[in-house]
file data_30.cif (mmCIF, C-alpha atoms)
data_work
#
loop_
_atom_site.label_atom_id
_atom_site.label_comp_id
_atom_site.auth_asym_id
_atom_site.auth_seq_id
_atom_site.Cartn_x
_atom_site.Cartn_y
_atom_site.Cartn_z
CA MET F 236 8.49 -23.86 8.41
CA ALA F 237 10.36 -20.84 7.20
CA ALA F 238 7.84 -19.42 4.82
CA GLY F 239 9.42 -17.90 1.74
CA ARG F 240 12.83 -17.94 3.40
CA LEU F 241 15.53 -17.42 0.81
CA THR F 242 18.94 -18.96 1.15
CA ALA F 243 21.24 -17.43 -1.47
CA ARG F 244 20.61 -13.77 -0.65
CA SER F 245 18.59 -12.52 2.29
CA ASP F 246 15.15 -10.97 1.83
CA ALA F 247 16.61 -7.62 2.88
CA ASP F 248 19.42 -7.86 0.30
CA LEU F 249 17.01 -8.80 -2.44
CA ILE F 250 14.60 -6.00 -1.71
CA GLN F 251 17.47 -3.49 -1.46
CA ALA F 252 18.80 -4.65 -4.83
CA SER F 253 15.28 -4.47 -6.30
CA LYS F 254 14.98 -0.91 -5.05
CA ARG F 255 18.09 -0.09 -7.09
CA GLY F 256 16.37 -1.51 -10.17
CA ASP F 257 18.03 -4.95 -10.14
CA LEU F 258 15.37 -7.08 -11.83
CA SER F 259 17.36 -10.31 -11.33
CA ALA F 260 17.06 -9.80 -7.56
CA PHE F 261 13.36 -9.21 -7.98
CA GLU F 262 13.14 -12.40 -10.03
CA GLU F 263 14.57 -14.29 -7.03
CA ILE F 264 11.75 -12.91 -4.89
CA TYR F 265 9.31 -13.97 -7.59
CA ALA F 266 10.79 -17.47 -7.76
CA ALA F 267 10.56 -17.89 -3.98
CA HIS F 268 6.95 -16.76 -3.61
CA ALA F 269 5.06 -17.00 -6.91
CA GLY F 270 3.99 -20.65 -6.49
CA ARG F 271 2.40 -20.12 -3.11
CA MET F 272 0.94 -16.78 -4.21
CA LYS F 273 -0.78 -18.42 -7.18
CA SER F 274 -2.22 -21.10 -4.89
CA ILE F 275 -3.60 -18.54 -2.43
CA ALA F 276 -4.97 -16.38 -5.24
CA PHE F 277 -6.63 -19.42 -6.81
CA HIS F 278 -8.15 -20.36 -3.47
CA LEU F 279 -9.69 -16.89 -3.22
CA LEU F 280 -10.68 -16.35 -6.85
CA THR F 281 -11.30 -19.96 -8.02
CA ASP F 282 -10.03 -19.15 -11.49
CA ARG F 283 -6.48 -19.63 -12.75
CA ALA F 284 -6.48 -16.68 -15.15
CA ASP F 285 -7.81 -14.34 -12.42
CA ALA F 286 -5.25 -15.76 -9.98
CA GLU F 287 -2.39 -15.10 -12.41
CA ASP F 288 -3.65 -11.55 -13.01
CA ALA F 289 -3.78 -10.92 -9.27
CA VAL F 290 -0.25 -12.29 -8.79
CA GLN F 291 1.06 -10.14 -11.65
CA GLU F 292 -0.65 -7.08 -10.21
CA ALA F 293 0.76 -7.90 -6.78
CA PHE F 294 4.35 -8.15 -8.08
CA LEU F 295 4.05 -4.83 -9.91
CA LYS F 296 2.82 -3.23 -6.69
CA ILE F 297 5.53 -4.93 -4.62
CA TYR F 298 8.22 -3.59 -6.95
CA LYS F 299 6.74 -0.10 -6.89
CA ALA F 300 6.44 -0.11 -3.09
CA ALA F 301 9.79 -1.80 -2.41
CA GLY F 302 11.22 1.48 -1.14
CA ALA F 303 8.58 1.71 1.59
CA ILE F 304 8.87 -1.76 3.09
CA GLN F 305 9.43 -2.03 6.84
CA PHE F 306 11.28 -5.19 7.81
CA ASP F 307 9.71 -5.43 11.27
CA SER F 308 7.77 -8.56 10.38
CA GLY F 309 9.79 -9.73 7.40
CA LEU F 310 9.25 -9.60 3.68
CA ALA F 311 6.80 -12.50 3.31
CA PRO F 312 3.86 -11.10 5.33
CA TRP F 313 4.13 -7.80 3.47
CA ILE F 314 4.15 -9.56 0.08
CA TYR F 315 1.14 -11.72 0.96
CA ARG F 316 -0.80 -8.77 2.35
CA ILE F 317 -0.38 -7.02 -0.99
CA LEU F 318 -1.48 -10.20 -2.76
CA LEU F 319 -4.63 -10.52 -0.63
CA ASN F 320 -5.55 -6.91 -1.39
CA CYS F 321 -5.07 -7.53 -5.12
CA CYS F 322 -7.27 -10.64 -4.86
CA TYR F 323 -9.98 -8.73 -3.01
CA ASP F 324 -9.85 -5.99 -5.70
CA THR F 325 -10.13 -8.59 -8.46
CA GLY F 326 -12.94 -10.32 -6.58
CA ARG F 327 -14.84 -7.05 -6.20
CA LYS F 328 -14.43 -6.23 -9.91
CA ARG F 329 -15.60 -9.70 -10.85
CA LYS F 330 -18.59 -9.41 -8.54
CA ARG F 331 -19.58 -6.14 -10.21
CA GLN F 332 -19.22 -7.72 -13.65
CA ALA F 333 -21.22 -10.82 -12.72
CA GLU F 334 -24.69 -10.84 -14.22
CA SER F 335 -26.38 -12.46 -11.24
CA PRO F 336 -26.13 -10.34 -8.08
CA LEU F 337 -26.88 -13.32 -5.85
CA ALA F 338 -23.98 -15.28 -4.46
CA ALA F 339 -24.24 -18.96 -5.29
CA GLU F 340 -25.01 -21.25 -2.36
CA PRO F 341 -22.05 -23.59 -1.81
CA PRO F 342 -22.88 -27.13 -2.91
CA ALA F 343 -23.66 -29.72 -0.26
CA ILE F 344 -20.80 -31.99 0.77
CA PRO F 345 -21.10 -35.23 -1.20
CA ASN F 346 -21.12 -38.52 0.73
CA ASN F 347 -18.39 -41.12 0.43
CA VAL F 348 -15.85 -38.95 -1.33
CA PRO F 349 -12.16 -38.91 -0.41
CA LEU F 350 -11.48 -36.81 2.68
CA GLN F 351 -9.47 -34.24 0.71
CA LEU F 352 -12.39 -33.56 -1.61
CA ALA F 353 -14.82 -33.46 1.30
CA ILE F 354 -12.62 -30.88 3.06
CA ARG F 355 -12.54 -28.78 -0.10
CA HIS F 356 -16.37 -28.77 -0.18
CA ALA F 357 -16.66 -28.16 3.55
CA LEU F 358 -14.25 -25.22 3.40
CA ASP F 359 -16.73 -23.35 1.19
CA ARG F 360 -19.26 -23.55 3.99
CA ILE F 361 -17.27 -22.14 6.90
CA HIS F 362 -16.68 -18.52 7.92
CA PRO F 363 -14.29 -16.79 5.45
CA GLN F 364 -11.94 -15.64 8.23
CA TYR F 365 -11.65 -19.16 9.65
CA ARG F 366 -11.20 -20.51 6.13
CA MET F 367 -8.38 -18.06 5.38
CA VAL F 368 -6.47 -18.97 8.53
CA PHE F 369 -6.98 -22.68 7.85
CA TRP F 370 -5.70 -22.21 4.30
CA LEU F 371 -2.62 -20.20 5.25
CA PHE F 372 -1.66 -22.43 8.19
CA GLU F 373 -2.64 -25.93 7.13
CA VAL F 374 -2.47 -25.74 3.34
CA GLU F 375 0.29 -23.20 2.68
CA GLY F 376 2.32 -24.00 5.78
CA PHE F 377 2.71 -20.55 7.30
CA ARG F 378 3.41 -20.28 11.05
CA HIS F 379 0.85 -18.60 13.30
CA SER F 380 3.16 -15.57 13.67
CA GLU F 381 3.22 -15.22 9.87
CA VAL F 382 -0.53 -15.76 9.47
CA ALA F 383 -1.05 -13.09 12.12
CA ALA F 384 1.26 -10.66 10.31
CA ILE F 385 -0.36 -11.32 6.93
CA LEU F 386 -3.92 -10.88 8.19
CA GLU F 387 -2.93 -8.17 10.66
CA ILE F 388 -4.52 -9.95 13.62
CA PRO F 389 -3.03 -11.01 16.97
CA GLU F 390 -1.29 -14.39 16.99
CA GLY F 391 -3.78 -15.66 19.56
CA THR F 392 -6.63 -14.83 17.19
CA SER F 393 -4.92 -16.80 14.44
CA LYS F 394 -4.77 -19.85 16.76
CA LYS F 395 -8.39 -19.40 17.84
CA TRP F 396 -9.66 -19.04 14.27
CA LEU F 397 -7.75 -22.15 13.21
CA PHE F 398 -9.38 -24.09 16.03
CA GLU F 399 -12.81 -22.76 15.04
CA ALA F 400 -12.13 -23.65 11.41
CA LYS F 401 -11.21 -27.22 12.28
CA ARG F 402 -14.13 -27.59 14.65
CA GLU F 403 -16.55 -26.41 11.95
CA LEU F 404 -14.93 -28.67 9.36
CA LYS F 405 -15.07 -31.63 11.72
CA ARG F 406 -18.76 -31.01 12.34
CA LEU F 407 -19.56 -30.72 8.61
CA LEU F 408 -17.48 -33.76 7.71
CA THR F 409 -18.99 -35.85 10.52
CA GLU F 410 -22.52 -34.88 9.41
CA SER F 411 -21.81 -35.67 5.76
CA ARG F 412 -20.32 -39.04 6.63
CA ALA F 413 -22.92 -40.04 9.20
CA MET K 216 -8.24 -36.75 35.66
CA THR K 217 -11.13 -38.89 34.46
CA PHE K 218 -11.53 -38.17 30.77
CA ASP K 219 -15.03 -38.27 29.38
CA CYS K 220 -16.38 -37.93 25.78
CA LYS K 221 -17.63 -34.41 26.58
CA ASP K 222 -14.03 -33.38 27.39
CA LEU K 223 -12.86 -34.13 23.87
CA GLU K 224 -13.60 -30.70 22.41
CA ARG K 225 -11.69 -29.00 25.22
CA ALA K 226 -8.78 -31.38 24.67
CA LEU K 227 -8.63 -30.41 21.00
CA ALA K 228 -8.27 -26.77 22.02
CA VAL K 229 -5.73 -27.44 24.77
CA PRO K 230 -2.84 -29.59 23.48
CA GLU K 231 -1.82 -30.55 27.06
CA LEU K 232 -5.03 -32.55 27.37
CA LEU K 233 -4.47 -34.52 24.18
CA PRO K 234 -2.57 -37.44 25.81
CA ASP K 235 -5.61 -38.03 28.05
CA ALA K 236 -7.90 -37.83 25.04
CA ARG K 237 -5.80 -40.42 23.18
CA GLU K 238 -5.87 -42.69 26.17
CA HIS K 239 -9.66 -42.38 26.31
CA ALA K 240 -9.94 -42.96 22.54
CA LYS K 241 -8.43 -46.43 22.96
CA VAL K 242 -11.70 -47.54 24.51
CA CYS K 243 -14.15 -45.15 22.76
CA ASP K 244 -14.87 -45.58 19.03
CA ALA K 245 -16.67 -42.24 18.63
CA CYS K 246 -13.82 -40.22 20.17
CA ARG K 247 -11.26 -42.26 18.25
CA ARG K 248 -12.99 -41.33 14.96
CA GLU K 249 -13.12 -37.65 15.96
CA LEU K 250 -9.47 -37.58 16.96
CA TRP K 251 -8.51 -39.32 13.73
CA LEU K 252 -10.50 -36.78 11.68
CA TRP K 253 -8.92 -33.89 13.60
CA SER K 254 -5.37 -34.92 12.81
CA GLU K 255 -6.22 -36.20 9.33
CA MET K 256 -7.52 -32.75 8.33
CA SER K 257 -4.02 -31.37 8.92
CA SER K 258 -2.36 -34.26 7.08
CA VAL K 259 -4.60 -33.98 4.03
CA ALA K 260 -4.71 -30.16 3.84
CA PRO K 261 -1.35 -29.57 2.06
CA GLY K 262 -2.71 -31.67 -0.81
CA LEU K 263 -5.34 -28.98 -1.42
CA ARG K 264 -2.62 -26.65 -2.62
CA GLU K 265 -3.14 -25.66 -6.25
CA GLU K 266 -0.05 -25.77 -8.46
CA TRP K 267 0.32 -25.16 -12.15
CA GLU K 268 3.01 -23.98 -14.52
CA THR K 269 3.01 -20.36 -15.68
CA PRO K 270 6.11 -19.92 -17.84
CA ASP K 271 4.77 -16.64 -19.28
CA LEU K 272 4.01 -14.90 -16.00
CA TRP K 273 7.52 -13.72 -15.08
CA PRO K 274 8.37 -12.56 -18.65
CA LYS K 275 5.19 -10.44 -18.61
CA ILE K 276 6.07 -8.91 -15.23
CA HIS K 277 9.69 -8.40 -16.28
CA GLN K 278 8.76 -6.68 -19.53
CA THR K 279 6.30 -4.34 -17.82
CA LEU K 280 8.85 -3.42 -15.12
CA ALA K 281 11.62 -2.90 -17.69
CA ALA K 282 9.37 -0.55 -19.70
CA GLN K 283 8.47 1.34 -16.52
CA GLN K 284 12.15 1.63 -15.57
CA LYS K 285 13.00 3.00 -19.02
CA ALA K 286 10.20 5.55 -18.85
CA ALA K 287 11.22 6.57 -15.32
CA LYS K 288 14.84 7.08 -16.43
CA ARG K 289 13.67 9.34 -19.24
CA ASN K 290 11.57 11.35 -16.80
CA ASN K 291 14.54 11.71 -14.47
CA VAL K 292 16.79 12.90 -17.28
CA ARG K 293 14.18 15.42 -18.33
CA PHE K 294 13.70 16.56 -14.75
CA ASP K 295 17.46 17.05 -14.33
CA TRP K 296 17.64 18.93 -17.56
CA ARG K 297 14.79 21.22 -16.54
CA MET K 298 16.39 21.91 -13.20
CA LEU K 299 19.75 22.71 -14.84
CA ALA K 300 18.03 24.91 -17.42
CA GLY K 301 16.29 26.78 -14.61
CA ILE K 302 19.54 27.32 -12.73
CA ALA K 303 21.28 28.39 -15.94
CA ALA K 304 18.48 30.85 -16.74
CA ALA K 305 18.66 32.31 -13.23
CA LEU K 306 22.44 32.68 -13.57
CA VAL K 307 22.14 34.38 -16.94
CA ILE K 308 19.62 36.85 -15.50
CA ALA K 309 21.76 37.48 -12.42
CA VAL K 310 24.92 38.04 -14.48
CA SER K 311 23.03 40.26 -16.95
CA VAL K 312 21.64 42.38 -14.13
CA PHE K 313 25.12 42.61 -12.58
CA ILE K 314 26.72 43.68 -15.86
CA PHE K 315 23.91 46.15 -16.55
CA MET K 316 24.25 47.75 -13.13
CA TYR K 317 28.03 47.88 -12.88
CA SER K 318 29.20 48.32 -16.49
CA PRO K 319 30.02 51.80 -17.89
CA SER K 320 26.88 53.55 -19.21
CA GLY K 321 26.14 53.32 -22.89
CA HIS K 322 27.62 49.86 -23.17
CA THR K 323 24.99 47.26 -24.09
CA PRO K 324 26.19 43.65 -24.05
CA ALA K 325 25.33 41.54 -27.08
CA ALA K 326 22.43 39.13 -26.56
CA PRO K 327 23.79 35.65 -25.79
CA ARG K 328 23.07 32.91 -28.30
CA ASP K 329 22.45 29.53 -26.75
CA SER K 330 23.36 26.68 -29.05
CA ASP K 331 21.10 24.34 -27.07
CA PHE K 332 18.09 26.12 -28.46
CA LEU K 333 16.84 25.76 -32.01
CA THR K 334 16.54 28.57 -34.56
CA GLU K 335 13.26 29.19 -36.42
CA GLN K 336 14.58 27.52 -39.57
CA THR K 337 15.95 24.45 -37.74
CA LEU K 338 12.69 24.10 -35.82
CA LYS K 339 10.74 24.06 -39.07
CA GLU K 340 12.97 21.26 -40.38
CA VAL K 341 12.69 19.27 -37.12
CA GLU K 342 8.89 19.59 -37.16
CA GLN K 343 8.70 18.43 -40.76
CA SER K 344 10.93 15.41 -40.02
CA GLU K 345 8.94 14.55 -36.90
CA ALA K 346 5.64 14.68 -38.80
CA ALA K 347 7.01 12.38 -41.52
CA TYR K 348 8.53 10.01 -38.93
CA ARG K 349 5.32 9.95 -36.92
CA ALA K 350 3.26 9.20 -40.03
CA SER K 351 5.47 6.24 -40.92
CA ILE K 352 5.35 4.86 -37.35
CA ASP K 353 1.57 5.29 -37.24
CA LYS K 354 1.37 3.27 -40.44
CA LEU K 355 3.52 0.52 -38.91
CA SER K 356 1.47 0.76 -35.73
CA ARG K 357 -1.82 0.27 -37.60
CA LEU K 358 -0.36 -2.80 -39.30
CA ALA K 359 0.83 -4.33 -36.04
CA GLU K 360 -1.92 -3.29 -33.66
CA ALA K 361 -4.77 -5.02 -35.47
CA LYS K 362 -2.83 -8.28 -35.20
CA LEU K 363 -1.57 -7.52 -31.70
CA ASN K 364 -5.01 -6.85 -30.27
CA ALA K 365 -6.28 -10.16 -31.59
CA SER K 366 -3.27 -12.09 -30.31
CA GLU K 367 -3.11 -13.93 -26.98
CA ASN K 368 0.60 -14.64 -27.44
CA PRO K 369 2.30 -13.61 -24.13
CA VAL K 370 4.97 -11.63 -25.98
CA ALA K 371 2.23 -9.75 -27.81
CA ILE K 372 0.36 -9.09 -24.56
CA ALA K 373 3.52 -7.73 -22.92
CA ALA K 374 4.26 -5.65 -26.03
CA ARG K 375 0.74 -4.18 -25.92
CA GLU K 376 1.43 -3.02 -22.37
CA LYS K 377 4.81 -1.57 -23.37
CA LEU K 378 3.25 0.29 -26.31
CA LEU K 379 0.65 1.78 -23.97
CA VAL K 380 3.43 3.07 -21.70
CA LEU K 381 5.34 4.46 -24.69
CA ASP K 382 2.25 6.13 -26.18
CA SER K 383 1.47 7.81 -22.90
CA GLU K 384 5.09 8.97 -22.62
CA ILE K 385 5.02 10.29 -26.19
CA THR K 386 1.83 12.24 -25.42
CA ASN K 387 3.50 13.73 -22.33
CA VAL K 388 6.66 14.78 -24.13
CA ARG K 389 4.72 16.16 -27.09
CA SER K 390 2.64 18.33 -24.80
CA THR K 391 5.86 19.59 -23.14
CA VAL K 392 7.40 20.24 -26.55
CA ALA K 393 4.34 22.28 -27.51
CA HIS K 394 5.33 24.78 -24.80
CA ASN K 395 9.09 24.59 -25.52
CA LYS K 396 9.33 24.29 -29.27
CA PHE K 397 12.90 25.58 -29.43
CA ASN K 398 14.22 23.07 -26.91
CA ALA K 399 16.63 20.68 -28.64
CA GLN K 400 16.79 18.20 -25.73
CA LEU K 401 13.03 17.68 -25.66
CA GLN K 402 12.99 17.12 -29.40
CA THR K 403 15.74 14.50 -28.95
CA ASP K 404 13.72 12.79 -26.19
CA LEU K 405 10.70 12.66 -28.45
CA ALA K 406 12.73 11.19 -31.30
CA MET K 407 14.11 8.52 -28.91
CA LEU K 408 10.60 7.57 -27.85
CA TYR K 409 9.49 7.26 -31.46
CA ARG K 410 12.53 5.09 -32.17
CA ASP K 411 11.71 2.92 -29.17
CA LYS K 412 8.14 2.51 -30.39
CA GLN K 413 9.33 1.69 -33.89
CA ASP K 414 11.78 -0.94 -32.53
CA THR K 415 9.05 -2.47 -30.34
CA LEU K 416 6.62 -2.67 -33.26
CA LYS K 417 9.26 -4.25 -35.51
CA GLU K 418 10.21 -6.68 -32.75
CA ILE K 419 6.69 -7.93 -32.04
CA LEU K 420 5.24 -7.90 -35.55
CA PRO K 421 6.52 -11.45 -36.31
CA HIS K 422 5.07 -12.75 -32.96
CA ALA K 423 1.71 -11.17 -33.65
CA GLN K 424 1.70 -12.69 -37.15
CA SER K 425 2.79 -16.14 -35.94
CA SER K 426 -0.08 -16.38 -33.43
CA GLN K 427 -2.77 -15.60 -36.01
#
call {"tool": "encode", "arguments": {"input": "data_30.cif", "output": "structure tokens"}}
result
Amino acid sequence: MAAGRLTARSDADLIQASKRGDLSAFEEIYAAHAGRMKSIAFHLLTDRADAEDAVQEAFLKIYKAAGAIQFDSGLAPWIYRILLNCCYDTGRKRKRQAESPLAAEPPAIPNNVPLQLAIRHALDRIHPQYRMVFWLFEVEGFRHSEVAAILEIPEGTSKKWLFEAKRELKRLLTESRA
Amino acid sequence: MTFDCKDLERALAVPELLPDAREHAKVCDACRRELWLWSEMSSVAPGLREEWETPDLWPKIHQTLAAQQKAAKRNNVRFDWRMLAGIAAALVIAVSVFIFMYSPSGHTPAAPRDSDFLTEQTLKEVEQSEAAYRASIDKLSRLAEAKLNASENPVAIAAREKLLVLDSEITNVRSTVAHNKFNAQLQTDLAMLYRDKQDTLKEILPHAQSSQ
């Protein structure tokens, strides 16, 4: 899948136009990526308002940093890297504001629920790095090369972490359904 | 190769072994279930994607960026003006020194009057007008801000952000003016910022009222 690939004007054209202050070009970038960005932010922050704040923050940073973008790995990985950093910042702030310092234990996977729901529960129980790769590849449809560029890891590591994610999920789902 | 149940995990990691695993699964229920689960995870995963409408998100981003652009343009204009003023001042000094050194003795050139700079009397008038203008905008601001701060209307939220940018810009320009009271351009910039703030307040007051 061509993640965030834009047809009318190329990513490079749009970012060049944005650099010159063309907000309609920037709106095209927003239109192409905002949906997936909200989904990723929601996955990380589990709250729609926080996710929207993180996406807004990310777009303001993207616009500000448009002049510095290197097109070696394309626009999309750069955009999503900025988003992940905004999400981590929001997550850290929220953690500081939370009254209870203890992280909540993820709930056990319920029996006899639809597979999709069971996967959602199981995802909370696997390693965060494996979970992120699973989410980007399987849920959001990025290619391994894009996942690798977003997370700044080798492509082989992306493949390995996806395998580990699925193996862990399979184990948890098999146990819960046994 | 003779495929056994214990080979399944390796087959999941190495796609070339999958045909053998599928063949084995035809006669092994446990492996069939595992293979099914493995591929089903990928089929079901895109359904986990969270989607919802956010019609206010882009307008908020757009408004913030537009306000930033406007502020940046003003800063650029001021920077250019300062640079030109510096060059002009250097030229005036250089020419004055040249004239002083090479003109016949006893001749003292008249001091140049620069129309870009304000006289004492004009400055007093400008300061009085600015104080009156600022007082009236502050009054309007107090009226609007109480309602704005309580409003969750997206236009009001965006306007709050714009007003913050404008207020910070006004503070900057005012502090510059304090060191360059006779500078007509800076006074004009300040007046433009006040006008912008006044327009913004007038524009959003109905939204803030409607969301109460």
call {"tool": "atom_distance", "arguments": {"input": "data_30.cif", "atom1": "atom CA of Leu401 of chain K", "atom2": "atom CA of Arg255 of chain F"}}
result
26.2 Å
call {"tool": "residues_near_point", "arguments": {"input": "data_30.cif", "point": "(-5.0, -11.2, 7.3)", "cutoff": "12 Å", "atoms": "all atoms listed in the file", "output": "PyMOL selection string"}}
result
chain F and resi 312-320+323+363-372+379-390+392-393+396
call {"tool": "interface_residues", "arguments": {"input": "data_30.cif", "of": "chain F", "to": "chain K", "cutoff": "8 Å", "atoms": "all atoms listed in the file", "output": "tab-separated table (two decimals) with C-alpha atoms, in the coordinates of the input"}}
result
chain	number	residue	atom	x	y	z
F	256	GLY	CA	16.37	-1.51	-10.17
F	258	LEU	CA	15.37	-7.08	-11.83
F	262	GLU	CA	13.14	-12.40	-10.03
F	265	TYR	CA	9.31	-13.97	-7.59
F	270	GLY	CA	3.99	-20.65	-6.49
F	273	LYS	CA	-0.78	-18.42	-7.18
F	274	SER	CA	-2.22	-21.10	-4.89
F	277	PHE	CA	-6.63	-19.42	-6.81
F	278	HIS	CA	-8.15	-20.36	-3.47
F	287	GLU	CA	-2.39	-15.10	-12.41
F	291	GLN	CA	1.06	-10.14	-11.65
F	294	PHE	CA	4.35	-8.15	-8.08
F	295	LEU	CA	4.05	-4.83	-9.91
F	350	LEU	CA	-11.48	-36.81	2.68
F	351	GLN	CA	-9.47	-34.24	0.71
F	354	ILE	CA	-12.62	-30.88	3.06
F	355	ARG	CA	-12.54	-28.78	-0.10
F	373	GLU	CA	-2.64	-25.93	7.13
F	374	VAL	CA	-2.47	-25.74	3.34
F	375	GLU	CA	0.29	-23.20	2.68
F	376	GLY	CA	2.32	-24.00	5.78
F	398	PHE	CA	-9.38	-24.09	16.03
F	401	LYS	CA	-11.21	-27.22	12.28
F	405	LYS	CA	-15.07	-31.63	11.72
call {"tool": "atom_distance", "arguments": {"input": "data_30.cif", "atom1": "atom CA of Cys243 of chain K", "atom2": "atom CA of Leu352 of chain F"}}
result
27.0 Å
call {"tool": "resolve_selection", "arguments": {"input": "data_30.cif", "expression": "the PyMOL selection byres ((chain F and resi 324) around 12)", "output": "PyMOL selection string"}}
result
chain F and resi 276+279-280+285-286+288-290+292-293+317-323+325-331
call {"tool": "build_atoms", "arguments": {"input": "data_30.cif", "residues": "segment 377-399 of chain K", "atoms": "N, CA and C atoms", "output": "short mmCIF file (atom, residue, chain, number, x, y, z; two decimals), keeping the file's coordinate frame"}}
result
data_model
loop_
_atom_site.label_atom_id
_atom_site.label_comp_id
_atom_site.auth_asym_id
_atom_site.auth_seq_id
_atom_site.Cartn_x
_atom_site.Cartn_y
_atom_site.Cartn_z
N LYS K 377 3.67 -2.47 -23.17
CA LYS K 377 4.81 -1.57 -23.37
C LYS K 377 4.41 -0.42 -24.31
N LEU K 378 3.66 -0.75 -25.36
CA LEU K 378 3.25 0.29 -26.31
C LEU K 378 2.34 1.32 -25.63
N LEU K 379 1.52 0.85 -24.70
CA LEU K 379 0.65 1.78 -23.97
C LEU K 379 1.49 2.77 -23.17
N VAL K 380 2.53 2.21 -22.50
CA VAL K 380 3.43 3.07 -21.70
C VAL K 380 4.11 4.08 -22.62
N LEU K 381 4.62 3.58 -23.77
CA LEU K 381 5.34 4.46 -24.69
C LEU K 381 4.42 5.55 -25.24
N ASP K 382 3.19 5.15 -25.61
CA ASP K 382 2.25 6.13 -26.18
C ASP K 382 1.94 7.23 -25.16
N SER K 383 1.78 6.79 -23.90
CA SER K 383 1.47 7.81 -22.90
C SER K 383 2.66 8.75 -22.70
N GLU K 384 3.87 8.17 -22.77
CA GLU K 384 5.09 8.97 -22.62
C GLU K 384 5.24 9.94 -23.79
N ILE K 385 4.93 9.44 -25.00
CA ILE K 385 5.02 10.29 -26.19
C ILE K 385 4.05 11.47 -26.06
N THR K 386 2.83 11.16 -25.59
CA THR K 386 1.83 12.24 -25.42
C THR K 386 2.35 13.29 -24.44
N ASN K 387 2.96 12.80 -23.33
CA ASN K 387 3.50 13.73 -22.33
C ASN K 387 4.57 14.65 -22.93
N VAL K 388 5.53 13.99 -23.60
CA VAL K 388 6.66 14.78 -24.13
C VAL K 388 6.17 15.74 -25.21
N ARG K 389 5.22 15.29 -26.03
CA ARG K 389 4.72 16.16 -27.09
C ARG K 389 4.04 17.40 -26.50
N SER K 390 3.31 17.16 -25.39
CA SER K 390 2.64 18.33 -24.80
C SER K 390 3.67 19.28 -24.20
N THR K 391 4.79 18.73 -23.67
CA THR K 391 5.86 19.59 -23.14
C THR K 391 6.53 20.35 -24.28
N VAL K 392 6.76 19.61 -25.39
CA VAL K 392 7.40 20.24 -26.55
C VAL K 392 6.55 21.41 -27.06
N ALA K 393 5.23 21.23 -27.00
CA ALA K 393 4.34 22.28 -27.51
C ALA K 393 4.58 23.63 -26.81
N HIS K 394 5.05 23.53 -25.54
CA HIS K 394 5.33 24.78 -24.80
C HIS K 394 6.80 25.20 -24.90
N ASN K 395 7.64 24.31 -25.43
CA ASN K 395 9.09 24.59 -25.52
C ASN K 395 9.60 24.18 -26.89
N LYS K 396 9.03 24.76 -27.92
CA LYS K 396 9.33 24.29 -29.27
C LYS K 396 10.81 24.41 -29.64
N PHE K 397 11.51 25.35 -29.03
CA PHE K 397 12.90 25.58 -29.43
C PHE K 397 13.89 24.75 -28.62
N ASN K 398 13.35 23.86 -27.79
CA ASN K 398 14.22 23.07 -26.91
C ASN K 398 14.73 21.82 -27.61
N ALA K 399 16.02 21.80 -27.88
CA ALA K 399 16.63 20.68 -28.64
C ALA K 399 16.56 19.37 -27.86
#
